[in-house]
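**Student:** My questions all concern the structure below.
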There are 2 protein chains.
Amino acid sequence: MINYPNRKQTTINSTKIKTHSYRGANLEDDLNQTNQYYLDLNKANIHKKPTPIMVVKVDYPSRNKAKIIEAYYKVPSTTDYNGVYRAKAIDFEAKETNSQTAFPLKNIHPHQFEHMRNVEYHGGICFLIIRFVYYSETYLLYFHSLDEFIKSNDRKSIPYSWIKENAYLIPFSLTPPIHYLKILDETLFKGDKK
Amino acid sequence: MINYPNRKQTTINSTKIKTHSYRGANLEDDLNQTNQYYLDLNKANIHKKPTPIMVVKVDYPSRNKAKIIEAYYKVPSTTDYNGVYRAKAIDFEAKETNSQTAFPLKNIHPHQFEHMRNVEYHGGICFLIIRFVYYSETYLLYFHSLDEFIKSNDRKSIPYSWIKENAYLIPFSLTPPIHYLKILDETLFKGDKK
């Protein structure tokens with residue numbers, strides 16, 4: 001099955017997807033909504049970073065307005081999301097796949113692996129949020145688990161079965177759509193009051 | 001004196017600046033170099049976020065290359081820099097001013113004040129790095145100090161004399177150019193070993 005590393009929605013498999021109660025919103029929208037919910041309820045301050053763009057040419061049609069007329073997308077060297085929760089630095093990447101059997105590792109750039117390893121070294125909480133669109137399932141996979149997999153495997157993808165065992169399924173709710181901090185509360189901050 | 005909120009270097013005052021041993025590199029370059037130094041020496045993982053840009057039109061001159069042909073700068077809603085140091089979330093904004101007497105608060109957007117207040121609420125370490133170009137001096141001002149100033153003042157700018165008293169002068173060195181983590185070590189992590 002084709003993989004879409006740039007997180008763009010596609011309609012190619014829409015018939016198949018519909019039969020599996022696909023909810024319509026993509027992972028990025030769900031996460032934006034979730035992070036806004038956390039912000040509004042004073043639970044955490046986590047944001048998506050802007051997409052890195054290299055600006056080449058800027059035009060000034062009027063005195064105060066800069067219009068970018070030539071620019072290119074850059075390969076990201078860090079992750080897409082970061083912020084603060086319970087004083088801890090939070091850092092994660094989010095990806096969705098249409099595969100029914102595995103999560104392809106080429107979805108993540110080598111620089112991003114290095115970055116995540118480094119964030120964890122400094123004591124930040126680092127993870128991946130992976131959505132299997134076909135199953136309508138979203139998982140939280142701690143980076144240290146992913147790192148163990150990579151170090152003991154030559155595979156180019158992580159089997160779905162391995163993820164089911166080693167990652168945490170994030171239950172779907174309406175508010176917020178992806179309550180990933182719940183997983184952190186239950187696994188890292190167990191017993192802590194807030 | 002004119003203030004340049006977009007951090008662009010200017011040559012208008014070059015004669016005057018030169019007489020005050022201006023070093024040439026701007027604050028952003030100095031910070032990028034400093035953060036790279038911290039990363040290389042495994043001291044911290046702190047990055048400048050990409051500039052937020054709203055992409056309107058993209059052209060595809062060849063199959064794999066996306067060329068952005070219409071885009072606009074967006075007003076930032078968060079700060080420019082964040083990351084992790086000693087497991088703590090770090091979040092700051094950096095600004096330089098050519099003024100000899102005060103730091104104009106219009107340099108910081110209302111959204112950014114809200115953001116910094118919120119980061120501090122969640123236990124993140126939040127501050128401003130302010131450079132007075134005229135004096136070749138760079139200060140670290142904790143957000144809670146800035147917030148006290150704002151709440152007890154109607155002024156549109158912070159007097160230089162107030163900053164000298166309430167912020168920390170970051171000593172200039174070559175490696176790294178702006179060793180701001182030293183200030184954190186001496187004020188927040190006093191006595192902690194690393």
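Each chain of the structure tokens is named A, B, ... in the order shown, its residues numbered from 1; ligands are numbered from 1 in display order.
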Using only C-alpha atoms, select each residue of chain A with any atom at most 7 Å away from an atom of chain B, and give the selection as a list in words.

**Tutor:**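 Every residue meeting the condition is included here: Ala44, Asn45, Lys49, Pro50, Thr51, Pro52, Ala66, Lys67, Ile68, Ile69, Glu70, Ala71, Tyr72, Gly83, Val84, Tyr85, Arg86, Ala87, Lys88, Ala89, Val119, His122, Gly123 and Gly124 of chain A.
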
**Student:** Check the DSSP output for the backbone and give back, as a VMD selection string, the residues of stretch 51-184 of chain B in strand (DSSP E or B).

**Tutor:** chain B and resid 53 to 62 65 to 73 81 to 85 88 to 97 102 to 104 125 to 132 137 to 142 157 to 159 168 to 169 172 178

**Student:** Measure the distance from atom CA of B:Phe172 to atom CA of B:Asp147 in Å and round it to one decimal.

**Tutor:**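 Answer for the atom CA of B:Phe172 to atom CA of B:Asp147 separation: 26.3 Å.
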
**Student:** Mind checking which residues fall within 12 Å of A:Glu148, counting only C-alpha atoms, ignoring those fewer than 4 positions away in the same chain, and posting them as a list in words?

**Tutor:**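 So, after excluding close chain neighbours, the residues are Arg117, Leu141, Tyr142, Phe143, His144, Ser152, Asn153, Asp154, Ile158, Trp162 and Asn166 of chain A.
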
**Student:** Which residue is closest to B:Tyr38? Choose from B:Thr187, B:Tyr180, B:Asp192, B:Leu140 and count only C-alpha atoms.

**Tutor:** B:Tyr180

**Student:** What is the atom CA of A:Leu27 to atom CA of B:His109 distance in Å?

**Tutor:**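 Separation between atom CA of A:Leu27 and atom CA of B:His109: 29.4 Å.
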
**Student:** Could you go through stretch 62-192 of chain A and tell me which residues DSSP, when run on the backbone, assigns to helix (DSSP H, G or I), listing them as a PyMOL selection string?

**Tutor:** chain A and resi 105-107+110-121+133-135+143-151+160-166+180-187

**Student:** Can you write just those residues out, N, CA and C atoms, as a compact mmCIF listing (two decimals), in the first residue's frame?

**Tutor:**
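So the final result, stored in result.txt, reads:
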```txt
# COMPACT_ATOMS: atom_id res chain seq x y z
N LEU A 105 9.49 2.95 8.54
CA LEU A 105 10.41 3.85 9.25
C LEU A 105 10.93 4.99 8.39
N LYS A 106 10.78 4.85 7.08
CA LYS A 106 11.23 5.95 6.21
C LYS A 106 10.38 7.21 6.41
N ASN A 107 9.28 7.07 7.12
CA ASN A 107 8.46 8.22 7.51
C ASN A 107 9.21 9.21 8.38
N PRO A 110 16.43 10.61 9.29
CA PRO A 110 17.55 10.27 10.19
C PRO A 110 17.84 11.38 11.22
N HIS A 111 17.75 12.64 10.79
CA HIS A 111 17.98 13.76 11.70
C HIS A 111 16.99 13.76 12.86
N GLN A 112 15.78 13.33 12.55
CA GLN A 112 14.75 13.32 13.59
C GLN A 112 15.01 12.24 14.63
N PHE A 113 15.53 11.09 14.20
CA PHE A 113 15.93 10.05 15.15
C PHE A 113 17.00 10.60 16.09
N GLU A 114 18.01 11.24 15.51
CA GLU A 114 19.09 11.81 16.30
C GLU A 114 18.55 12.81 17.31
N HIS A 115 17.66 13.64 16.81
CA HIS A 115 17.06 14.66 17.67
C HIS A 115 16.33 14.03 18.86
N MET A 116 15.52 13.01 18.58
CA MET A 116 14.72 12.39 19.63
C MET A 116 15.60 11.69 20.66
N ARG A 117 16.66 11.05 20.18
CA ARG A 117 17.61 10.40 21.08
C ARG A 117 18.23 11.44 22.01
N ASN A 118 18.57 12.58 21.43
CA ASN A 118 19.21 13.65 22.19
C ASN A 118 18.26 14.26 23.22
N VAL A 119 17.02 14.48 22.82
CA VAL A 119 16.03 15.05 23.74
C VAL A 119 15.86 14.12 24.95
N GLU A 120 15.80 12.81 24.68
CA GLU A 120 15.65 11.85 25.76
C GLU A 120 16.89 11.87 26.67
N TYR A 121 18.05 12.00 26.07
CA TYR A 121 19.30 12.08 26.84
C TYR A 121 19.23 13.24 27.85
N VAL A 133 -4.49 4.42 9.93
CA VAL A 133 -5.75 4.95 9.40
C VAL A 133 -6.75 3.82 9.16
N TYR A 134 -6.27 2.71 8.64
CA TYR A 134 -7.13 1.58 8.29
C TYR A 134 -7.91 1.07 9.50
N TYR A 135 -7.24 1.03 10.65
CA TYR A 135 -7.88 0.52 11.87
C TYR A 135 -8.50 1.63 12.72
N PHE A 143 9.97 6.94 22.68
CA PHE A 143 11.15 6.84 21.83
C PHE A 143 12.10 5.74 22.29
N HIS A 144 12.24 5.56 23.60
CA HIS A 144 13.19 4.52 24.06
C HIS A 144 12.77 3.12 23.59
N SER A 145 11.46 2.89 23.46
CA SER A 145 10.99 1.60 22.92
C SER A 145 11.33 1.49 21.44
N LEU A 146 11.07 2.57 20.72
CA LEU A 146 11.39 2.60 19.29
C LEU A 146 12.89 2.38 19.09
N ASP A 147 13.69 3.01 19.94
CA ASP A 147 15.14 2.91 19.83
C ASP A 147 15.60 1.47 20.05
N GLU A 148 14.99 0.79 21.01
CA GLU A 148 15.31 -0.63 21.24
C GLU A 148 14.98 -1.46 20.00
N PHE A 149 13.84 -1.17 19.40
CA PHE A 149 13.44 -1.90 18.20
C PHE A 149 14.48 -1.69 17.09
N ILE A 150 14.85 -0.44 16.88
CA ILE A 150 15.80 -0.12 15.80
C ILE A 150 17.14 -0.81 16.03
N LYS A 151 17.59 -0.80 17.28
CA LYS A 151 18.91 -1.35 17.60
C LYS A 151 18.95 -2.88 17.50
N TYR A 160 2.84 -4.05 12.74
CA TYR A 160 1.65 -3.62 13.48
C TYR A 160 1.53 -4.40 14.80
N SER A 161 1.81 -5.69 14.74
CA SER A 161 1.70 -6.54 15.94
C SER A 161 2.68 -6.08 17.04
N TRP A 162 3.89 -5.67 16.62
CA TRP A 162 4.87 -5.18 17.60
C TRP A 162 4.38 -3.90 18.25
N ILE A 163 3.80 -3.02 17.44
CA ILE A 163 3.28 -1.76 17.98
C ILE A 163 2.15 -2.02 18.97
N LYS A 164 1.28 -2.96 18.63
CA LYS A 164 0.16 -3.29 19.53
C LYS A 164 0.67 -3.74 20.91
N GLU A 165 1.84 -4.36 20.90
CA GLU A 165 2.40 -4.87 22.16
C GLU A 165 3.23 -3.84 22.92
N ASN A 166 3.94 -2.98 22.17
CA ASN A 166 4.93 -2.11 22.80
C ASN A 166 4.53 -0.64 22.88
N TYR A 180 -3.49 12.18 24.54
CA TYR A 180 -2.22 11.47 24.74
C TYR A 180 -1.59 11.74 26.10
N LEU A 181 -1.93 12.86 26.73
CA LEU A 181 -1.34 13.12 28.06
C LEU A 181 -1.83 12.11 29.10
N LYS A 182 -3.00 11.53 28.83
CA LYS A 182 -3.53 10.49 29.70
C LYS A 182 -2.55 9.31 29.78
N ILE A 183 -1.95 8.98 28.65
CA ILE A 183 -0.97 7.88 28.62
C ILE A 183 0.24 8.26 29.48
N LEU A 184 0.69 9.52 29.37
CA LEU A 184 1.82 9.97 30.19
C LEU A 184 1.46 9.91 31.67
N ASP A 185 0.25 10.33 31.99
CA ASP A 185 -0.19 10.30 33.39
C ASP A 185 -0.16 8.88 33.93
N GLU A 186 -0.61 7.94 33.12
CA GLU A 186 -0.74 6.56 33.59
C GLU A 186 0.57 5.80 33.60
N THR A 187 1.54 6.27 32.81
CA THR A 187 2.78 5.49 32.73
C THR A 187 3.96 6.21 33.39
```

**Student:** Do you have the atom CA of A:Ser136-atom CA of A:Thr34 distance handy?

**Tutor:**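 Distance reported for this atom pair: 16.7 Å.
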